[in-house]
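Everything on this sheet refers to the single structure shown next.
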Amino acid sequence: MTRFGLQLPSFTFPDVPDDHLFERVAEIAQAAEGSGFDSFWVMDHYHQIRNIGPPSDPMLEAYTLLGAVAGRTSRIELGAMVTGVTYRNPAFLAKVVTTLDIVSMGRAILGIGAAWNEEESLAYGYEWPSTAERFERLEDALQICRAMFTQPRSSFQGTRHHVDGAFNVPQPVRPGGPKILIGGGGEKKTLRLVARYADMWNGFGDPDTIRHKLDVLTDHCLDVGRDLAEIVNSCLETTAATESQEEAKVRRDEFKRRRGVDDSMLPSMLICGVPEEVGDAVQAFVDAGLDGLIFNMRAGSSPEDVERAGRVLSERFGP
């Protein structure tokens with residue numbers, strides 16, 4: 001079964017005042033659940049990122065928001081795409097995601113990565129360690145979170161982090177704890193950690209790039225005695241299912257203008273067109289070896305936009 005997730009990367013809705021912002025987010029999550037998406041994601045950022053909008057655009061804290069969305073949904077899985085490892089103590093993060101799992105009755109996913117947004121981190125007063133240290137922190141966090149997801153009390157001494165008899169009670173609802181997704185495509189560090197620790201991987205790129213990354217991940221899995229089939233693999237794309245070629249052209253031109261890219265970069269970033277075109281583009285990623293895709297919707301997208309995309313995917317790939 002092909003899996004499809006929906007990420008909401010923007011909280012900018014020109015017709016929605018701040019005191020109704022969560023209601024719009026909940027409506028979009030409910031539309032995703034009702035139209036066949038199996039996961040709902042938000043970014044773990046405090047400022048809007050520059051390829052989506054200016055840093056002054058609205059941004060909500062990920063896990064507070066996901067906990068509220070859990071109360072408005074019943075089936076769809078919930079996660080942050082992806083949690084920056086430098087933003088939270090790993091044991092605290094394990095407690096937060098465990099709480100989300102309990103509130104959602106077993107629907108939490110821990111998406112995590114080595115963090116990249118130096119500007120945002122420094123603005124909020126966080127340290128900004130070297131790349132090597134951030135990956136050491138990530139490897140520690142992966143082990144601490146897995147331990148705390150699977151046993152009531154954990155002790156662990158890592159390179160940068162430790163826990164000493166940390167209780168995590170109650171335990172997560174999902175058997176074995178929330179699935180752990182690592183985001184990123186670095187071939188030497190990130191994909192090695194995916195092979196060793198992750199249940200899920202999310203990358204970026206066009207189908208040829210994804211095929212290559214999966215070959216690299218396969219090699220890392222062989223090194224640790226693991227089967228690639230144990231890992232659910234996806235990539236993040238932006239999508240717009242349109243009713244006409246003319247509308248698709250408008251959406252593509254808008255995307256290029258917002259992102260500052262040309263036509264050559266679109267296949268790795270945007271799936272846009274009438275239903276048959278969207279289905280064919282998604283199929284190319286599936287043929288490259290992915291188990292599914294996670295889709296951004298453009299800023300200001302409505303619940304009806306989400307429902308249209310979900311119907312297109314469900315009609316082509318099944319519920």
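Residues in the structure tokens are named by chain (A, B, ... in the order shown) and by number from 1 within that chain; ligands are numbered from 1 in the order shown.
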Margin query: Can you tell me, as a PyMOL selection string, which residues in range 138-274 of chain A count as helix (DSSP H, G or I) by DSSP?
Written below: chain A and resi 138-150+190-197+207-223+228-230+245-259+263-268
| request: Just list the residues in range 38-264 of chain A DSSP gives strand (DSSP E or B) on the backbone, as a PyMOL selection string. | output: chain A and resi 39-42+77-80+83-84+108-113+153-157+162-167+179-183+200-203+232-241
Kindly provide the residues of range 201-317 of chain A that approach range 32-48 of chain A to within 8 Å, each paired with its closest atom pair and their distance in Å to one decimal, based on only C-alpha atoms, listed by chain and increasing number, as a Markdown table.
| residue | atom | partner | partner_atom | distance |
| --- | --- | --- | --- | --- |
| A:Pro303 | CA | A:Ala32 | CA | 7.9 |
| A:Val306 | CA | A:Ala32 | CA | 6.1 |
| A:Glu307 | CA | A:Ser35 | CA | 5.4 |
| A:Arg308 | CA | A:Ser35 | CA | 7.9 |
| A:Gly310 | CA | A:Ser35 | CA | 4.8 |
| A:Arg311 | CA | A:Ser35 | CA | 5.9 |
| A:Leu313 | CA | A:Gly36 | CA | 7.9 |
| A:Ser314 | CA | A:Gly36 | CA | 6.2 |
Restricting the output to N, CA and C atoms, write the selected residues as a PDB file, in the first residue's frame.
ATOM      1  N   PRO A 303      -9.116  23.682   2.999  1.00  0.00           N
ATOM      2  CA  PRO A 303      -9.510  22.280   3.176  1.00  0.00           C
ATOM      3  C   PRO A 303      -9.982  21.645   1.868  1.00  0.00           C
ATOM      4  N   VAL A 306      -7.057  20.424  -0.102  1.00  0.00           N
ATOM      5  CA  VAL A 306      -6.546  19.181   0.481  1.00  0.00           C
ATOM      6  C   VAL A 306      -7.423  18.006   0.059  1.00  0.00           C
ATOM      7  N   GLU A 307      -8.725  18.185   0.132  1.00  0.00           N
ATOM      8  CA  GLU A 307      -9.646  17.113  -0.258  1.00  0.00           C
ATOM      9  C   GLU A 307      -9.455  16.727  -1.720  1.00  0.00           C
ATOM     10  N   ARG A 308      -9.248  17.722  -2.587  1.00  0.00           N
ATOM     11  CA  ARG A 308      -9.036  17.429  -4.007  1.00  0.00           C
ATOM     12  C   ARG A 308      -7.775  16.594  -4.192  1.00  0.00           C
ATOM     13  N   GLY A 310      -6.283  14.677  -1.979  1.00  0.00           N
ATOM     14  CA  GLY A 310      -6.504  13.349  -1.411  1.00  0.00           C
ATOM     15  C   GLY A 310      -7.324  12.460  -2.320  1.00  0.00           C
ATOM     16  N   ARG A 311      -8.359  13.015  -2.939  1.00  0.00           N
ATOM     17  CA  ARG A 311      -9.186  12.217  -3.859  1.00  0.00           C
ATOM     18  C   ARG A 311      -8.373  11.756  -5.061  1.00  0.00           C
ATOM     19  N   LEU A 313      -5.164  11.180  -5.269  1.00  0.00           N
ATOM     20  CA  LEU A 313      -4.254  10.121  -4.859  1.00  0.00           C
ATOM     21  C   LEU A 313      -4.994   8.824  -4.578  1.00  0.00           C
ATOM     22  N   SER A 314      -6.133   8.918  -3.884  1.00  0.00           N
ATOM     23  CA  SER A 314      -6.888   7.708  -3.537  1.00  0.00           C
ATOM     24  C   SER A 314      -7.434   7.022  -4.778  1.00  0.00           C
TER      25      SER A 314
END
Mind dumping a table of every range 129-168 of chain A residue within 10 Å of range 78-97 of chain A, with the nearest atom pair and its distance in Å to one decimal, using only C-alpha atoms, sorted by chain and rising number, as a Markdown table?
| residue | atom | partner | partner_atom | distance |
| --- | --- | --- | --- | --- |
| A:Pro129 | CA | A:Thr86 | CA | 8.4 |
| A:Glu133 | CA | A:Thr86 | CA | 10.0 |
| A:Arg134 | CA | A:Thr86 | CA | 7.2 |
| A:Phe135 | CA | A:Val85 | CA | 8.7 |
| A:Glu136 | CA | A:Val85 | CA | 10.0 |
| A:Arg137 | CA | A:Val85 | CA | 6.9 |
| A:Leu138 | CA | A:Val85 | CA | 5.9 |
| A:Glu139 | CA | A:Val85 | CA | 9.5 |
| A:Asp140 | CA | A:Pro90 | CA | 7.9 |
| A:Ala141 | CA | A:Pro90 | CA | 5.0 |
| A:Leu142 | CA | A:Pro90 | CA | 8.1 |
| A:Gln143 | CA | A:Pro90 | CA | 9.2 |
| A:Ile144 | CA | A:Ala91 | CA | 6.5 |
| A:Cys145 | CA | A:Ala94 | CA | 5.0 |
| A:Arg146 | CA | A:Ala94 | CA | 8.2 |
| A:Ala147 | CA | A:Ala94 | CA | 9.1 |
| A:Met148 | CA | A:Ala94 | CA | 6.5 |
| A:Phe149 | CA | A:Ala94 | CA | 7.0 |
| A:Ser154 | CA | A:Ala91 | CA | 9.5 |
| A:His161 | CA | A:Pro90 | CA | 7.6 |
| A:His162 | CA | A:Ala91 | CA | 8.4 |
| A:Val163 | CA | A:Ala91 | CA | 7.1 |
| A:Ala166 | CA | A:Ala91 | CA | 7.7 |
| A:Phe167 | CA | A:Lys95 | CA | 9.2 |
| A:Asn168 | CA | A:Lys95 | CA | 6.5 |
Find the residues near Thr73 in chain A: any atom within 12 Å, counting only C-alpha atoms, skip ones fewer than 2 places away on the same chain, and give them as a list in words. Val25, Ala26, Glu27, Ile28, Ala29, Gln30, Ala31, Ala32, Glu33, Gly34, Asp38, Ser39, Phe40, Leu66, Gly67, Ala68, Val69, Ala70, Gly71, Arg75, Ile76, Glu77, Leu78, Val103, Ser104, Met105 and Arg107 of chain A
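For the residues A:Lys213, A:His220, A:Arg50, A:Arg72, ranking by smallest atom-to-atom distance to Leu290 in chain A using only C-alpha atoms places A:Lys213 first.
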### Query
In terms of the shortest atom-to-atom distance over only C-alpha atoms, which of A:Ile52, A:Leu293, A:Ile180, A:Ile210 is closest to Glu237 in chain A?
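Checking each candidate against Glu237 in chain A, we get A:Leu293 as the closest.
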From CA of Leu270 in chain A to CA of Glu246 in chain A the spacing works out at 16.2 Å
For Glu243 in chain A, work out the shell of residues within 9 Å, counting only C-alpha atoms and skipping chain neighbours fewer than 3 positions away, then give it as a short mmCIF file (atom, residue, chain, number, x, y, z; two decimals) with N, CA and C atoms, in the first residue's frame.
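The file below, around.cif, is the result:
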data_model
loop_
_atom_site.label_atom_id
_atom_site.label_comp_id
_atom_site.auth_asym_id
_atom_site.auth_seq_id
_atom_site.Cartn_x
_atom_site.Cartn_y
_atom_site.Cartn_z
N GLU A 246 -4.44 25.11 -17.63
CA GLU A 246 -4.23 26.55 -17.43
C GLU A 246 -3.98 26.86 -15.95
N GLU A 247 -4.79 26.24 -15.08
CA GLU A 247 -4.59 26.44 -13.65
C GLU A 247 -3.24 25.88 -13.21
N ALA A 248 -2.85 24.73 -13.77
CA ALA A 248 -1.56 24.14 -13.42
C ALA A 248 -0.41 25.07 -13.79
N GLY A 273 -0.51 19.47 -11.59
CA GLY A 273 -1.17 19.22 -12.86
C GLY A 273 -2.56 18.67 -12.66
N VAL A 274 -3.15 18.26 -13.76
CA VAL A 274 -4.46 17.61 -13.69
C VAL A 274 -4.25 16.21 -13.10
N PRO A 275 -5.33 15.54 -12.68
CA PRO A 275 -5.18 14.28 -11.94
C PRO A 275 -4.25 13.26 -12.60
#
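Nearest residue to Ala288 in chain A among A:Leu214, A:Glu276, A:Ile112, A:Phe13 is A:Leu214, counting only C-alpha atoms.
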